[in-house]
Structures are given as C-alpha cells and as structure tokens.
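Chemist: My structure is in my_file.txt, and what it holds is compact mmCIF, C-alpha atoms:
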# COMPACT_ATOMS: atom_id res chain seq x y z
CA MET A 185 201.59 -33.04 95.83
CA PRO A 186 199.69 -34.53 92.97
CA VAL A 187 200.20 -37.54 90.74
CA VAL A 188 199.86 -36.81 87.02
CA THR A 189 199.53 -39.72 84.60
CA ALA A 190 199.93 -39.26 80.87
CA ALA A 191 200.43 -41.40 77.79
CA LEU A 192 203.03 -41.32 75.04
CA ASP A 193 202.08 -42.89 71.72
CA LEU A 194 204.68 -44.30 69.37
CA ASP A 195 204.63 -46.11 66.05
CA THR A 196 207.55 -48.50 66.02
CA ARG A 197 209.12 -50.76 63.42
CA GLY A 198 210.47 -53.42 65.79
CA HIS A 199 213.89 -55.15 65.47
CA ALA A 200 215.49 -52.97 68.16
CA ASP A 201 213.89 -49.80 66.86
CA VAL A 202 215.26 -47.00 69.06
CA HIS A 203 213.22 -43.83 69.69
CA ASP A 204 214.48 -40.72 71.45
CA ILE A 205 211.54 -39.81 73.72
CA THR A 206 213.25 -37.00 75.63
CA ASP A 207 211.38 -34.10 74.03
CA PRO A 208 207.86 -35.54 74.40
CA LEU A 209 208.65 -36.42 78.03
CA ALA A 210 209.89 -32.89 78.69
CA GLY A 211 206.65 -31.64 77.17
CA LEU A 212 204.53 -33.82 79.45
CA ILE A 213 206.43 -32.57 82.51
CA ALA A 214 205.87 -28.97 81.45
CA LYS A 215 202.19 -29.71 80.91
CA SER A 216 201.87 -31.33 84.37
CA GLY A 217 202.58 -28.04 86.10
CA LEU A 218 204.91 -29.82 88.53
CA ALA A 219 208.27 -28.21 89.31
CA ASN A 220 210.16 -30.92 91.20
CA GLY A 221 209.73 -34.67 91.32
CA ILE A 222 210.20 -37.86 89.40
CA VAL A 223 208.86 -39.11 86.11
CA THR A 224 208.45 -42.87 85.68
CA VAL A 225 208.32 -44.10 82.08
CA PHE A 226 206.85 -47.56 81.87
CA CYS A 227 206.34 -49.88 78.87
CA PRO A 228 203.16 -51.96 79.26
CA SER A 229 204.80 -54.59 77.07
CA SER A 230 207.07 -57.59 77.47
CA THR A 231 209.07 -56.97 74.28
CA SER A 232 210.31 -53.40 74.76
CA ALA A 233 212.30 -51.40 77.29
CA VAL A 234 213.54 -47.95 78.24
CA THR A 235 216.96 -46.57 79.20
CA THR A 236 219.25 -43.59 78.57
CA ILE A 237 222.01 -43.25 75.98
CA GLU A 238 223.81 -40.67 73.88
CA PHE A 239 221.32 -40.78 71.05
CA GLU A 240 223.47 -40.70 67.92
CA PRO A 241 223.60 -43.26 65.09
CA GLY A 242 226.86 -44.85 66.29
CA CYS A 243 225.57 -45.64 69.79
CA VAL A 244 222.27 -46.87 68.39
CA SER A 245 224.12 -49.24 66.06
CA ASP A 246 226.40 -50.44 68.87
CA LEU A 247 223.38 -51.01 71.13
CA ARG A 248 221.77 -53.22 68.50
CA ARG A 249 224.95 -55.26 68.13
CA MET A 250 225.22 -55.71 71.92
CA PHE A 251 221.69 -57.14 72.11
CA ASP A 252 222.25 -59.23 68.97
CA GLU A 253 225.09 -60.86 70.88
CA ILE A 254 223.33 -61.19 74.27
CA ALA A 255 220.12 -62.66 72.82
CA PRO A 256 220.58 -63.51 69.12
CA ALA A 257 217.54 -63.63 66.88
CA ASP A 258 218.82 -66.60 64.88
CA ARG A 259 218.72 -69.37 67.46
CA GLY A 260 216.02 -71.41 69.17
CA TYR A 261 213.98 -70.14 72.12
CA ALA A 262 211.65 -72.20 74.30
CA HIS A 263 209.13 -69.36 74.08
CA ASP A 264 208.97 -69.77 70.30
CA ASP A 265 208.62 -73.54 70.53
CA THR A 266 205.44 -73.03 72.55
CA TRP A 267 203.88 -69.94 71.01
CA GLY A 268 205.31 -69.86 67.47
CA ASP A 269 205.63 -66.08 67.36
CA ALA A 270 209.42 -66.17 66.85
CA ASN A 271 210.11 -63.29 69.22
CA GLY A 272 211.65 -65.14 72.17
CA TYR A 273 214.79 -63.04 71.72
CA SER A 274 212.65 -59.87 72.01
CA HIS A 275 211.31 -61.06 75.36
CA MET A 276 214.80 -61.80 76.68
CA ARG A 277 216.21 -58.41 75.70
CA ALA A 278 213.25 -56.56 77.19
CA ALA A 279 213.40 -58.52 80.47
CA LEU A 280 217.11 -57.71 80.79
CA LEU A 281 216.93 -53.99 79.93
CA LYS A 282 213.65 -53.61 81.86
CA ALA A 283 210.40 -51.81 81.16
CA SER A 284 210.76 -49.00 83.70
CA LEU A 285 212.92 -45.91 84.09
CA THR A 286 212.63 -43.20 86.75
CA VAL A 287 214.25 -39.81 86.20
CA PRO A 288 214.16 -36.78 88.55
CA PHE A 289 213.16 -33.35 87.30
CA VAL A 290 214.01 -30.04 88.96
CA ASN A 291 212.47 -26.65 88.17
CA GLY A 292 210.45 -28.35 85.48
CA ARG A 293 213.49 -29.80 83.70
CA LEU A 294 214.73 -33.36 83.39
CA THR A 295 218.07 -33.79 85.17
CA LEU A 296 219.74 -35.40 82.15
CA GLY A 297 223.35 -34.91 81.15
CA THR A 298 224.23 -32.85 78.11
CA TRP A 299 224.81 -35.89 75.89
CA GLN A 300 222.15 -38.11 77.45
CA GLN A 301 218.71 -38.89 76.06
CA ILE A 302 215.87 -41.14 77.21
CA ILE A 303 215.18 -43.89 74.69
CA TYR A 304 212.46 -46.42 74.09
CA VAL A 305 213.67 -49.62 72.44
CA ASP A 306 211.14 -51.83 70.70
CA PHE A 307 212.71 -55.30 70.52
CA ASP A 308 209.65 -56.96 68.97
CA ASN A 309 209.92 -58.52 65.51
CA ARG A 310 207.23 -56.48 63.80
CA PRO A 311 205.81 -52.93 63.67
CA ARG A 312 203.70 -52.02 66.68
CA ARG A 313 201.53 -49.19 67.92
CA ARG A 314 202.79 -48.53 71.47
CA GLU A 315 201.37 -46.47 74.31
CA LEU A 316 203.83 -45.80 77.13
CA VAL A 317 202.72 -44.86 80.63
CA VAL A 318 204.31 -41.61 81.84
CA GLN A 319 203.63 -40.82 85.46
CA MET A 320 204.91 -37.77 87.32
CA ILE A 321 204.91 -37.39 91.11
CA GLY A 322 206.09 -34.16 92.67
CA GLU A 323 205.20 -30.72 93.80
CA MET B 544 205.01 -34.51 101.49
CA PRO B 545 207.98 -32.68 100.10
CA VAL B 546 210.49 -33.39 97.37
CA VAL B 547 214.11 -32.91 98.43
CA THR B 548 216.80 -32.77 95.75
CA ALA B 549 220.48 -33.04 96.60
CA ALA B 550 223.76 -33.65 94.81
CA LEU B 551 226.52 -36.18 95.40
CA ASP B 552 229.97 -35.28 94.09
CA LEU B 553 232.48 -37.93 93.14
CA ASP B 554 235.97 -37.95 91.66
CA THR B 555 236.27 -41.06 89.53
CA ARG B 556 239.11 -42.74 87.67
CA GLY B 557 237.02 -44.36 84.91
CA HIS B 558 237.57 -47.88 83.52
CA ALA B 559 234.70 -49.37 85.55
CA ASP B 560 235.66 -47.50 88.69
CA VAL B 561 233.21 -48.69 91.37
CA HIS B 562 232.24 -46.40 94.28
CA ASP B 563 230.20 -47.45 97.30
CA ILE B 564 227.82 -44.49 97.73
CA THR B 565 225.65 -46.01 100.48
CA ASP B 566 226.94 -43.87 103.35
CA PRO B 567 226.66 -40.49 101.59
CA LEU B 568 223.14 -41.43 100.44
CA ALA B 569 222.16 -42.39 103.98
CA GLY B 570 223.51 -39.01 105.10
CA LEU B 571 221.41 -37.15 102.52
CA ILE B 572 218.27 -39.01 103.62
CA ALA B 573 218.97 -38.13 107.26
CA LYS B 574 219.52 -34.50 106.28
CA SER B 575 216.23 -34.39 104.29
CA GLY B 576 214.19 -34.87 107.45
CA LEU B 577 211.99 -37.41 105.65
CA ALA B 578 211.10 -40.63 107.44
CA ASN B 579 209.53 -42.79 104.74
CA GLY B 580 209.76 -42.67 100.97
CA ILE B 581 212.00 -43.36 98.04
CA VAL B 582 215.38 -42.05 96.99
CA THR B 583 216.18 -41.94 93.28
CA VAL B 584 219.87 -41.84 92.40
CA PHE B 585 220.40 -40.64 88.86
CA CYS B 586 223.60 -40.27 86.81
CA PRO B 587 223.37 -37.27 84.44
CA SER B 588 225.85 -39.06 82.18
CA SER B 589 225.79 -41.60 79.36
CA THR B 590 228.92 -43.46 80.46
CA SER B 591 228.10 -44.41 84.05
CA ALA B 592 225.42 -46.28 85.95
CA VAL B 593 224.14 -47.26 89.38
CA THR B 594 223.10 -50.58 90.96
CA THR B 595 223.46 -52.59 94.16
CA ILE B 596 226.05 -55.24 94.99
CA GLU B 597 227.89 -56.79 97.90
CA PHE B 598 230.71 -54.27 97.86
CA GLU B 599 233.83 -56.34 98.43
CA PRO B 600 236.91 -56.60 96.16
CA GLY B 601 235.91 -59.99 94.74
CA CYS B 602 232.48 -58.87 93.51
CA VAL B 603 233.96 -55.65 92.15
CA SER B 604 236.55 -57.63 90.18
CA ASP B 605 233.88 -60.05 88.92
CA LEU B 606 231.65 -57.15 87.87
CA ARG B 607 234.47 -55.66 85.79
CA ARG B 608 235.07 -58.99 84.09
CA MET B 609 231.36 -59.39 83.30
CA PHE B 610 231.26 -55.99 81.56
CA ASP B 611 234.61 -56.64 79.83
CA GLU B 612 232.90 -59.65 78.29
CA ILE B 613 229.54 -58.02 77.48
CA ALA B 614 231.07 -54.90 75.89
CA PRO B 615 234.84 -55.36 75.44
CA ALA B 616 237.05 -52.28 75.29
CA ASP B 617 239.36 -53.77 72.63
CA ARG B 618 237.06 -53.94 69.62
CA GLY B 619 235.52 -51.47 67.22
CA TYR B 620 232.42 -49.39 68.01
CA ALA B 621 230.43 -47.29 65.57
CA HIS B 622 230.33 -44.54 68.19
CA ASP B 623 234.13 -44.35 68.14
CA ASP B 624 234.28 -44.29 64.35
CA THR B 625 232.16 -41.13 64.40
CA TRP B 626 233.37 -39.29 67.48
CA GLY B 627 236.89 -40.62 68.03
CA ASP B 628 236.65 -40.64 71.81
CA ALA B 629 237.22 -44.40 72.08
CA ASN B 630 234.58 -44.91 74.77
CA GLY B 631 231.85 -46.65 72.78
CA TYR B 632 232.15 -49.60 75.17
CA SER B 633 231.51 -47.22 78.10
CA HIS B 634 228.28 -46.05 76.49
CA MET B 635 227.09 -49.63 75.93
CA ARG B 636 227.76 -50.73 79.50
CA ALA B 637 226.03 -47.66 80.92
CA ALA B 638 222.96 -48.04 78.67
CA LEU B 639 222.62 -51.68 79.76
CA LEU B 640 223.12 -51.17 83.51
CA LYS B 641 221.10 -47.92 83.43
CA ALA B 642 221.58 -44.51 85.01
CA SER B 643 218.78 -44.70 87.57
CA LEU B 644 218.11 -46.60 90.80
CA THR B 645 215.19 -46.15 93.20
CA VAL B 646 215.42 -47.48 96.76
CA PRO B 647 212.79 -47.19 99.51
CA PHE B 648 213.68 -45.88 102.96
CA VAL B 649 211.71 -46.51 106.15
CA ASN B 650 212.14 -44.67 109.44
CA GLY B 651 214.96 -42.72 107.86
CA ARG B 652 216.92 -45.83 106.86
CA LEU B 653 217.60 -47.37 103.46
CA THR B 654 215.92 -50.78 103.15
CA LEU B 655 219.11 -52.49 102.00
CA GLY B 656 220.10 -56.03 102.88
CA THR B 657 222.95 -56.68 105.29
CA TRP B 658 225.44 -57.46 102.52
CA GLN B 659 224.08 -55.01 99.95
CA GLN B 660 225.49 -51.62 99.02
CA ILE B 661 224.53 -49.00 96.43
CA ILE B 662 227.29 -48.48 93.90
CA TYR B 663 228.11 -45.95 91.23
CA VAL B 664 230.08 -47.40 88.31
CA ASP B 665 231.99 -45.02 86.07
CA PHE B 666 232.54 -46.86 82.79
CA ASP B 667 234.20 -43.92 81.04
CA ASN B 668 237.80 -44.23 79.85
CA ARG B 669 239.27 -41.32 81.81
CA PRO B 670 239.03 -39.63 85.21
CA ARG B 671 235.89 -37.53 85.65
CA ARG B 672 234.35 -35.16 88.16
CA ARG B 673 230.78 -36.44 88.58
CA GLU B 674 227.74 -34.93 90.21
CA LEU B 675 224.90 -37.38 90.81
CA VAL B 676 221.30 -36.28 91.30
CA VAL B 677 219.79 -37.62 94.54
CA GLN B 678 216.11 -36.97 94.92
CA MET B 679 213.98 -38.01 97.87
CA ILE B 680 210.17 -38.09 97.89
CA GLY B 681 208.32 -39.02 101.03
CA GLU B 682 206.84 -37.88 104.27
CA MET C 878 199.58 -38.17 99.75
CA PRO C 879 200.82 -40.96 101.94
CA VAL C 880 203.63 -43.46 101.71
CA VAL C 881 202.57 -47.05 102.40
CA THR C 882 205.26 -49.66 103.02
CA ALA C 883 204.49 -53.37 102.98
CA ALA C 884 206.38 -56.65 102.83
CA LEU C 885 206.09 -59.61 100.50
CA ASP C 886 207.35 -62.95 101.80
CA LEU C 887 208.60 -65.65 99.47
CA ASP C 888 210.12 -69.09 99.88
CA THR C 889 212.56 -69.61 97.04
CA ARG C 890 214.61 -72.53 95.78
CA GLY C 891 217.48 -70.52 94.27
CA HIS C 892 219.23 -71.32 90.95
CA ALA C 893 217.30 -68.62 89.04
CA ASP C 894 214.00 -69.50 90.68
CA VAL C 895 211.42 -67.22 89.04
CA HIS C 896 208.29 -66.13 90.94
CA ASP C 897 205.35 -64.25 89.44
CA ILE C 898 204.61 -61.64 92.12
CA THR C 899 201.99 -59.67 90.18
CA ASP C 900 198.94 -60.84 92.13
CA PRO C 901 200.34 -60.25 95.63
CA LEU C 902 201.55 -56.79 94.50
CA ALA C 903 198.10 -55.97 93.13
CA GLY C 904 196.67 -57.05 96.48
CA LEU C 905 199.02 -54.76 98.41
CA ILE C 906 198.07 -51.81 96.19
CA ALA C 907 194.38 -52.50 96.77
CA LYS C 908 195.00 -52.73 100.52
CA SER C 909 196.91 -49.42 100.53
CA GLY C 910 193.80 -47.48 99.59
CA LEU C 911 195.81 -45.47 97.05
CA ALA C 912 194.32 -44.88 93.61
CA ASN C 913 197.20 -43.44 91.60
CA GLY C 914 200.94 -43.58 92.10
CA ILE C 915 203.97 -45.79 91.90
CA VAL C 916 204.92 -49.02 93.58
CA THR C 917 208.62 -49.73 94.11
CA VAL C 918 209.54 -53.37 94.62
CA PHE C 919 212.95 -53.73 96.19
CA CYS C 920 215.00 -56.86 97.03
CA PRO C 921 217.06 -56.32 100.19
CA SER C 922 219.51 -58.88 98.86
CA SER C 923 222.57 -58.96 96.61
CA THR C 924 221.71 -62.26 94.93
CA SER C 925 218.21 -61.61 93.57
CA ALA C 926 216.47 -59.13 91.29
CA VAL C 927 213.13 -58.02 89.89
CA THR C 928 211.88 -57.30 86.36
CA THR C 929 208.89 -57.90 84.07
CA ILE C 930 208.36 -60.71 81.58
CA GLU C 931 205.64 -62.74 79.92
CA PHE C 932 205.48 -65.34 82.68
CA GLU C 933 205.16 -68.63 80.83
CA PRO C 934 207.48 -71.67 81.04
CA GLY C 935 209.22 -70.93 77.74
CA CYS C 936 210.28 -67.39 78.68
CA VAL C 937 211.34 -68.56 82.13
CA SER C 938 213.54 -71.26 80.57
CA ASP C 939 214.99 -68.80 78.06
CA LEU C 940 215.72 -66.30 80.86
CA ARG C 941 217.68 -68.93 82.77
CA ARG C 942 219.73 -69.76 79.69
CA MET C 943 220.50 -66.09 79.06
CA PHE C 944 221.88 -65.67 82.57
CA ASP C 945 223.71 -69.01 82.38
CA GLU C 946 225.53 -67.52 79.42
CA ILE C 947 226.12 -64.02 80.83
CA ALA C 948 227.41 -65.25 84.21
CA PRO C 949 227.96 -69.04 84.11
CA ALA C 950 227.84 -70.97 87.36
CA ASP C 951 230.67 -73.32 86.35
CA ARG C 952 233.64 -70.99 86.25
CA GLY C 953 235.78 -69.18 88.82
CA TYR C 954 234.72 -65.96 90.54
CA ALA C 955 236.92 -63.75 92.68
CA HIS C 956 234.04 -63.48 95.15
CA ASP C 957 234.12 -67.24 95.67
CA ASP C 958 237.90 -67.30 96.11
CA THR C 959 237.51 -64.93 99.05
CA TRP C 960 234.28 -66.06 100.67
CA GLY C 961 233.92 -69.69 99.60
CA ASP C 962 230.15 -69.53 99.20
CA ALA C 963 230.25 -70.42 95.48
CA ASN C 964 227.59 -67.88 94.51
CA GLY C 965 229.71 -65.27 92.74
CA TYR C 966 227.62 -65.86 89.62
CA SER C 967 224.46 -65.10 91.63
CA HIS C 968 225.90 -61.74 92.68
CA MET C 969 226.80 -60.83 89.10
CA ARG C 970 223.37 -61.67 87.71
CA ALA C 971 221.62 -59.73 90.47
CA ALA C 972 223.84 -56.66 90.05
CA LEU C 973 223.11 -56.65 86.31
CA LEU C 974 219.33 -57.18 86.49
CA LYS C 975 219.07 -54.91 89.56
CA ALA C 976 217.18 -55.14 92.82
CA SER C 977 214.60 -52.43 92.15
CA LEU C 978 211.57 -51.99 89.90
CA THR C 979 209.10 -49.10 89.87
CA VAL C 980 205.69 -49.52 88.22
CA PRO C 981 202.89 -46.93 88.01
CA PHE C 982 199.34 -47.80 89.06
CA VAL C 983 196.19 -45.95 87.97
CA ASN C 984 192.73 -46.28 89.50
CA GLY C 985 194.19 -48.91 91.82
CA ARG C 986 195.50 -51.10 89.00
CA LEU C 987 199.04 -51.83 87.88
CA THR C 988 199.67 -50.42 84.38
CA LEU C 989 201.03 -53.72 83.06
CA GLY C 990 200.51 -55.02 79.54
CA THR C 991 198.22 -57.95 78.92
CA TRP C 992 201.09 -60.45 78.62
CA GLN C 993 203.38 -58.84 81.17
CA GLN C 994 203.99 -59.95 84.74
CA ILE C 995 206.30 -58.71 87.52
CA ILE C 996 208.80 -61.36 88.50
CA TYR C 997 211.23 -61.91 91.34
CA VAL C 998 214.30 -63.93 90.35
CA ASP C 999 216.32 -65.58 93.09
CA PHE C 1000 219.78 -66.20 91.62
CA ASP C 1001 221.25 -67.57 94.85
CA ASN C 1002 222.53 -71.16 94.95
CA ARG C 1003 220.30 -72.43 97.77
CA PRO C 1004 216.74 -72.13 99.09
CA ARG C 1005 216.05 -68.86 100.89
CA ARG C 1006 213.31 -67.17 102.85
CA ARG C 1007 212.96 -63.73 101.24
CA GLU C 1008 211.14 -60.60 102.35
CA LEU C 1009 210.74 -58.00 99.61
CA VAL C 1010 210.09 -54.33 100.34
CA VAL C 1011 206.98 -53.01 98.58
CA GLN C 1012 206.49 -49.30 98.89
CA MET C 1013 203.62 -47.32 97.38
CA ILE C 1014 203.57 -43.54 96.99
CA GLY C 1015 200.51 -41.85 95.59
CA GLU C 1016 197.15 -40.33 96.29
Do you think you could lay out the structure here as structure tokens?
Modeler:
Amino acid sequence: MPVVTAALDLDTRGHADVHDITDPLAGLIAKSGLANGIVTVFCPSSTSAVTTIEFEPGCVSDLRRMFDEIAPADRGYAHDDTWGDANGYSHMRAALLKASLTVPFVNGRLTLGTWQQIIYVDFDNRPRRRELVVQMIGE
Amino acid sequence: MPVVTAALDLDTRGHADVHDITDPLAGLIAKSGLANGIVTVFCPSSTSAVTTIEFEPGCVSDLRRMFDEIAPADRGYAHDDTWGDANGYSHMRAALLKASLTVPFVNGRLTLGTWQQIIYVDFDNRPRRRELVVQMIGE
Amino acid sequence: MPVVTAALDLDTRGHADVHDITDPLAGLIAKSGLANGIVTVFCPSSTSAVTTIEFEPGCVSDLRRMFDEIAPADRGYAHDDTWGDANGYSHMRAALLKASLTVPFVNGRLTLGTWQQIIYVDFDNRPRRRELVVQMIGE
C-alpha cells in the first residue's frame, strides 16, 4: 500500500478567495493508481484553509460574510502591531478553519455528496502563488 | 495493511440534531479486524459535520447556541436568495465545523478521552436519512 | 507500511494555553523511521484542540481574543449548570476547533509552511497534565 504525494498549484487573489479544487484532486487520485484510501489536502500556509461546501456563488458570499464577522479585517490585531503586514485577520480565520482536510476515496472516486465540493480558501490580503500538498494513502 | 470502508446510517431530525456515533464506530473498527490505525468519518453532505464533545445534554445545548450565534437561522443568506431552500445557515455551520474527522485507534480501541465522544451534527432544516462514510486504514 | 503510535506529554496552564508542538512532532516522525506518510495528532480530551498558526505572541494573543468572543468565559453555560465545573466555554471552543489534525510528511519532514507551526490549545480552566496521541502511517 503505497503513499503518493502530489502538488496542486493555485494562483489566488486573497481576501477570502474561494477555489473549487475538487476536479484537480479527483485527477490526482486517478493518476495515483490507488483505488481505495484517503487523500489529505494540506495548505503549507498560515493564512489559508480547506473545507467542503456547496460551491455556488450564494454559499461563497455567505462564507465570506461569516468570516468577516468572526474575524473582521477592519479592527486591530496584535499580529499586525508587531509585523505590520495587516493580515492578522487572515491568520485567525485560517487557524479556525484549519489547513488540513482528509477525504476518503472508494473505487478511485472521492466520497463527496452530490452538492459538496472541496474548497481552498485564501484568507491572505494579497494575491499569492500557492502550492498545496496532496497526499494519498491507500491500496 | 488494508483499507476497510464501511457505512453508518442515521435518521436525523435536522436543526443541529446531535448524534453520538462513538459506539457504532467502535463496532465498525472491531468488525474491520484492524488493530492499529486511523478511522476517518466523512459526511457526504454540505449541511452536516462531525467533531468530538462531552456528549451530555448541557454541552449539546451550548453547542446549538454557539452555532445559533455564529450563523443565525433568522437572517438572510445569499444561498437562500438563489435556491429558496432556506438552509443557508446550515451550509455555513457545516463548512465551518467541517465534514471530516480522523481519529487514531490502538489495539482495536478508539483513543478517545474518558469524557469525549464522536458526534455527528445535522445542521439541515429538515429530517434526513444520512449515510456517513467510515474508512479505516491500519494493520 | 507500518503504523507507529507515540505519545506527547504536555504540562498546560489552561485558559487557552497555546503550545508549539512542531519540534516534538518532528522528532517523533524521525524516530518512527518512516519517510512518507501522515501524522495524526489527536487530543483525548473534550476541552483542548489542535491546529496550525504562525506561532508568535501576536497571533497567540489574537487567537485568545477570537475564542473569548466566540465562546466567552463570563456567561452561563448549560454544561456548567449541570456539572458545576465552570468550563462550558472550554468545551465549546474545543468542539469547534476540533481535537484532530492530520499533516503529511515527505522525506521525513513535515510539509509545513515557513511561518506555520502546529499548536496544541488547552482551553480548560485549570492546569492539566496532557498526553496527546501521535500516530504515523506511511512507508
């Protein structure tokens, strides 16, 4: 039972930029040759996170509002006082939503619901080039 | 080291209906024949999630209040404006709490604390028949 | 492909006490002899959780404020009414942030970003002796 590690590159705009990464992940699973197992998607970043959602414009808009309320951009953060990069709110949102997601696959297919997609959320306050770690373990 | 995939069926009432799924999960691990490894519990749904808690009525009530405050049911959501199913708040809560949980087991037993249970939370706004994906990897 | 289970002991002070556990986790991966795979860090507790963050005093302070706002210590909780241990807010924070984190490692190294550390957050309201479960699966 091998371990297959891959990368997923993304160009993001920041400010809670939401990317549906379901199709590229499905492609990496197919390419791995594994039939059954888990895929772990991990953001090597402290200002972005990964989860699942029904990826449609309404939910994306609602998600942004929820995080605007939990960790508003327009207030002071101790992180910003020290480092001056003005993205303390990005760090808080990412720490809460978390950088890791593990999803089972069966017969080469992700076990997602019909209206459920895997999303990467870049909470940083500027465009970034991101490389996610995608690791599959299975048989 | 095999991969064993199972299903866990639940009838839920919605409205942050909390189910303790520890015992059925322990049963599936026992049935898998695996001694050591991880179990990933995954909700193929965008309106429900899984976590751990001390499963007693007080914590369950407090959990509902916390999510009522984070994503209230009685306000507008862009998701609802588009789709009219009035469960935008369910989607937000599920995206935040996340559909996946991975727990190690050792000698056939979940490594939970004494006062810690694994729960499934159905945030949807109506009763549902749910089938969770339970996948064990180990030896 | 073996499963290696280890323990990580911590003395915590409670009240959102944040510990950077990256170095001890890296040490356990090195000791496991595994090159590629995942490490799952699990808190066998219902009042603590694990995530990633840029571990610097500003972010730690901001994280505490965020959880003070999401689940304030100075209000009533149904859990406390029943059990009298006054840590209902600790349970809520832990259930939301979650007790489990899975991180891939490659060539024996955690795939963390440059400014990203793995943290254990003890939300309980008193000092505790904690033993985390650290389980590695890989090859």
Chemist: Go through chain A residue by residue and, counting all atoms listed in the file, keep those with an atom at most 8 Å from chain C; for each kept residue give the shortest atom pair and its distance in Å to one decimal, ordered by chain and increasing number, as a tab-separated table.
Modeler:
residue	atom	partner	partner_atom	distance
A:Met185	CA	C:Met878	CA	6.8
A:Pro186	CA	C:Glu1016	CA	7.1
A:Val187	CA	C:Gly914	CA	6.2
A:Thr189	CA	C:Val983	CA	7.8
A:Thr224	CA	C:Pro981	CA	7.3
A:Phe226	CA	C:Val980	CA	6.7
A:Cys227	CA	C:Leu989	CA	7.8
A:Pro228	CA	C:Gly990	CA	4.1
A:Ser229	CA	C:Gly990	CA	5.0
A:Ser230	CA	C:Ile930	CA	5.3
A:Ile254	CA	C:Met943	CA	7.4
A:Ala255	CA	C:Met943	CA	7.1
A:Tyr261	CA	C:Asp939	CA	6.2
A:Ala262	CA	C:Gly935	CA	4.4
A:His263	CA	C:Gly935	CA	4.0
A:Asp264	CA	C:Gly935	CA	7.5
A:Asp265	CA	C:Gly935	CA	7.7
A:Thr266	CA	C:Gly935	CA	6.8
A:Gly272	CA	C:Cys936	CA	7.0
A:His275	CA	C:Ile930	CA	6.9
A:Met276	CA	C:Leu940	CA	6.2
A:Ala278	CA	C:Ile930	CA	7.8
A:Ala279	CA	C:Ile930	CA	5.6
A:Leu280	CA	C:Leu974	CA	6.1
A:Leu281	CA	C:Leu974	CA	7.7
A:Lys282	CA	C:Thr928	CA	6.1
A:Ala283	CA	C:Thr929	CA	6.9
A:Ser284	CA	C:Thr979	CA	6.4
A:Leu285	CA	C:Thr979	CA	7.6
A:Thr286	CA	C:Thr979	CA	7.6
A:Val317	CA	C:Thr988	CA	7.4
A:Gln319	CA	C:Pro981	CA	6.7
A:Ile321	CA	C:Gly914	CA	7.4
Chemist: Within 10 Å of (221.4, -71.1, 99.1) in the file's own coordinates, which protein, DNA or RNA residues have an atom, counting all atoms listed in the file? List them as a list in words.
Modeler: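 Final list of nearby residues, as requested, is Thr889, Arg890, Gly891, His892, Thr924, Asp962, Ala963, Asn964, Asp999, Phe1000, Asp1001, Asn1002, Arg1003, Pro1004, Arg1005 and Arg1006 of chain C.
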Chemist: What's the separation between atom CA of C:Arg952 and atom CA of C:Tyr966, in Å to one decimal place?
Modeler: 8.6 Å
Chemist: Give me, please, the distance in Å between atom CA of A:Pro256 and atom CA of C:Asp945, quoted to one decimal.
Modeler: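 Going from atom CA of A:Pro256 over to atom CA of C:Asp945 covers 14.7 Å.
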Chemist: Between atom CA of B:Ser575 and atom CA of B:Val677, what is the distance, to one decimal in Å?
Modeler: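 Atom-to-atom, atom CA of B:Ser575 to atom CA of B:Val677, that is 10.9 Å.
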